[in-house]
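Colleague: My structure is below; once you've seen it, I'll send some questions.
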Amino acid sequence: MTRGRWLLAVPVLTLGLSACGITEPVAGRGQIVAVGAENEYANVISQIGGRYVKVAAIMSNPNTDPHTFEASPSVAATVAEARLVVQNGVGYDTFMNRVEAASPDASRRVIDVQTLLGLPASTPNPHLWYSPATMPRVAAAIAADLSRLLPAHRRTFAANLARFDRSLAPWRAALAAFRARYAGTPVAVTEPVADYMLEAAGTRIATPFSLQADIMNGTDPAPQAVSLEDGLFNDHTVKVFLYNRQVTDTLTQGFLALAAARHIPVVGVYETMPTGYDYQGWMLAEVRALTRAVADRTSTTHL
C-alpha cells in the first residue's frame with residue numbers, strides 16, 4: 001500500500017526464530033549479520049548465505065500494513081551490526097536510508113533493488129518482488145556481495161545461488177501455464193501489490209491505475225473511479241478480484257462485499273511473505289490461488 005502513510009513501531013524478526021524477545025541477531029563464529037528490510041528479501045539472503053549469515057527481517061508481519069513503520073532503537077542497532085543490507089527502494093522503505101546514515105560503515109554492502117534494476121524513483125508500482133525478473137537479480141547480487149565479504153565461501157554462495165535459481169522453475173511454469181490457458185482474463189484489484197505477477201500471467205487488469213494508486217497512497221479516490229470499479233463487479237466484467245489482505249478499509253470491504261454478492265471469486269495477496277513460506281513457495285501459492293479462482297471459481301482469502 002502506501003509509501004510511509006502511518007507510523008507504528010515494528011520489532012525486528014530473526015529468521016527461523018519467534019519474534020518474541022528477539023530484537024538483535026547475534027552472529028556466531030564465522031557468520032555475519034545481514035538484514036532484509038522486507039522479509040522476502042531476508043528469506044533470499046538466508047537461502048544464499050546459508051549457515052554463514054545471521055539474517056534479520058525488519059518488516060515481517062503479514063497481518064499488518066508494512067508501511068506503518070517507524071524505525072525503533074532495536075532496528076537501528078541491528079542495521080548498525082549488519083554487513084549486508086537489502087532494501088526495496090522506490091520510496092517503499094525510505095526509513096532504511098535514515099537508519100543506515102545514522103551508523104555509517106564503509107564496509108557495509110547495501111543492495112537497493114530499485115538501483116539494482118535501474119528503475120527511476122518515479123516508478124509507480126513499488127512492489128518489485130512480484131516481478132519474476134526481480135529476485136534472480138537480487139539473489140545474484142547477494143551472492144556477489146557475500147563472496148566479497150566472505151571470500152572463503154564463495155563456492156558455497158555460488159552453489160546456493162544456482163539452487164535458488166532452479167527453485168524458481170515451478171513458479172515460472174505456473175505463470176506460463178496460466179498465460180497459455182487464460183491469457184487476457186480480466187481482473188480487478190485494490191492496489192498494485194501483485195500487478196507485476198498479474199502482467200506476467202497475461203491477465204488484463206481492469207481497475208484503473210489511478211484508483212490503485214489512490215488506495216495505495218491512502219488518499220480518497222475520485223467517485224467516478226469507485227463507480228467504475230463497482231461496475232466491474234455489477235456487470236461481471238472481471239473474473240477475479242485481488243485485494244491487499246494486509247490493508248483493508250471501508251472502501252475495500254465494500255468491494256469485497258460486492259464481489260461476494262456477484263459471486264466473483266477473490267484472492268488475497270500479501271506485501272510481506274506470509275508465515276510458513278519461502279519466497280518461491282509464496283509466489284507459487286499466489287499463482288495457484290489465481291488459477292483456482294479462474295478455473296474453479298474458488299476464493300483464497302489467505303495463504
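By convention in this document, the chains of the C-alpha cells carry letters A, B, ... by their order, each chain's residues are numbered from 1, and ligands are numbered from 1 in the order they are shown.
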List as a Markdown table every residue of region 143-239 of chain A that is in contact with region 75-98 of chain A, defined as an atom at most 10 Å from one of its atoms (using only C-alpha atoms), together with the nearest atom pair and the distance in Å rounded to one decimal, sorted by chain and then rising number.
Modeller:
```
| residue | atom | partner | partner_atom | distance |
| --- | --- | --- | --- | --- |
| A:Asp145 | CA | A:Leu84 | CA | 7.6 |
| A:Leu146 | CA | A:Leu84 | CA | 7.7 |
| A:Leu149 | CA | A:Arg83 | CA | 7.9 |
```
Colleague: Could those selected residues go to a file with N, CA and C atoms, as a short mmCIF file (atom, residue, chain, number, x, y, z; two decimals), in the first residue's frame?
Modeller:
```
data_model
loop_
_atom_site.label_atom_id
_atom_site.label_comp_id
_atom_site.auth_asym_id
_atom_site.auth_seq_id
_atom_site.Cartn_x
_atom_site.Cartn_y
_atom_site.Cartn_z
N ASP A 145 27.95 -10.05 -3.25
CA ASP A 145 28.38 -9.29 -2.08
C ASP A 145 28.86 -10.20 -0.96
N LEU A 146 28.17 -11.31 -0.75
CA LEU A 146 28.63 -12.24 0.27
C LEU A 146 30.00 -12.82 -0.09
N LEU A 149 32.47 -10.32 1.00
CA LEU A 149 32.58 -10.24 2.46
C LEU A 149 33.20 -11.50 3.06
#
```
Colleague: Show me, as a Markdown table, the residues of region 101-158 of chain A having an atom within 10 Å of region 259-272 of chain A, each with the closest atom pair and its distance in Å, using only C-alpha atoms.
Modeller:
```
| residue | atom | partner | partner_atom | distance |
| --- | --- | --- | --- | --- |
| A:His127 | CA | A:Glu271 | CA | 7.4 |
| A:Trp129 | CA | A:Glu271 | CA | 9.1 |
| A:Tyr130 | CA | A:Glu271 | CA | 9.2 |
```
Colleague: To one decimal in Å, tell me the separation between CA of Ala173 (chain A) and CA of Tyr277 (chain A).
Modeller: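 Between CA of Ala173 (chain A) and CA of Tyr277 (chain A) the gap is 18.6 Å.
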Colleague: Write down as a PyMOL selection string the residues belonging to region 186-248 of chain A that are assigned strand (DSSP E) by DSSP computed on the backbone.
Modeller: chain A and resi 186-189+204-205+240-244
Colleague: Can you tell me how far CA of Thr115 (chain A) sits from CA of Gly30 (chain A), in Å to one decimal?
Modeller: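 Distance reported for this atom pair: 29.6 Å.
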Colleague: Taking only region 16-223 of chain A into account, list the residues labelled helix (DSSP H, G or I) by DSSP (computed from the backbone), as a ChimeraX atom specification.
Modeller: /A:39-52,73-81,95-102,113-117,128-130,134-149,151-167,169-182,195-200,209-216,223
Colleague: Per residue of region 121-189 of chain A within 9 Å of region 222-242 of chain A, record the nearest atom pair and its distance in Å to one decimal, counting only C-alpha atoms, with rows in chain order and ascending residue number, as a Markdown table.
Modeller:
```
| residue | atom | partner | partner_atom | distance |
| --- | --- | --- | --- | --- |
| A:Thr185 | CA | A:Lys239 | CA | 6.9 |
| A:Pro186 | CA | A:Val238 | CA | 4.8 |
| A:Val187 | CA | A:Val238 | CA | 4.8 |
| A:Ala188 | CA | A:Phe241 | CA | 4.7 |
| A:Val189 | CA | A:Leu242 | CA | 4.7 |
```
Colleague: Produce a file of the selected residues containing N, CA and C atoms, as a short mmCIF file (atom, residue, chain, number, x, y, z; two decimals), in the first residue's frame.
Modeller:
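Everything below was put into selection.cif:
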```cif
data_model
loop_
_atom_site.label_atom_id
_atom_site.label_comp_id
_atom_site.auth_asym_id
_atom_site.auth_seq_id
_atom_site.Cartn_x
_atom_site.Cartn_y
_atom_site.Cartn_z
N THR A 185 -7.49 -12.77 -19.29
CA THR A 185 -8.53 -12.82 -18.25
C THR A 185 -8.63 -11.46 -17.56
N PRO A 186 -9.80 -10.84 -17.52
CA PRO A 186 -9.93 -9.55 -16.85
C PRO A 186 -10.04 -9.72 -15.33
N VAL A 187 -9.27 -8.93 -14.61
CA VAL A 187 -9.27 -9.00 -13.15
C VAL A 187 -9.40 -7.59 -12.59
N ALA A 188 -9.92 -7.52 -11.36
CA ALA A 188 -9.96 -6.26 -10.62
C ALA A 188 -9.04 -6.37 -9.42
N VAL A 189 -8.50 -5.24 -8.98
CA VAL A 189 -7.60 -5.20 -7.83
C VAL A 189 -7.94 -3.98 -6.98
#
```
Colleague: Given the choices A:Thr123, A:Asn160, A:Gln212, A:Ser131, which gets closest to Thr252 (chain A) if the distance is worked out from only C-alpha atoms?
Modeller: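 Closest candidate: A:Gln212.
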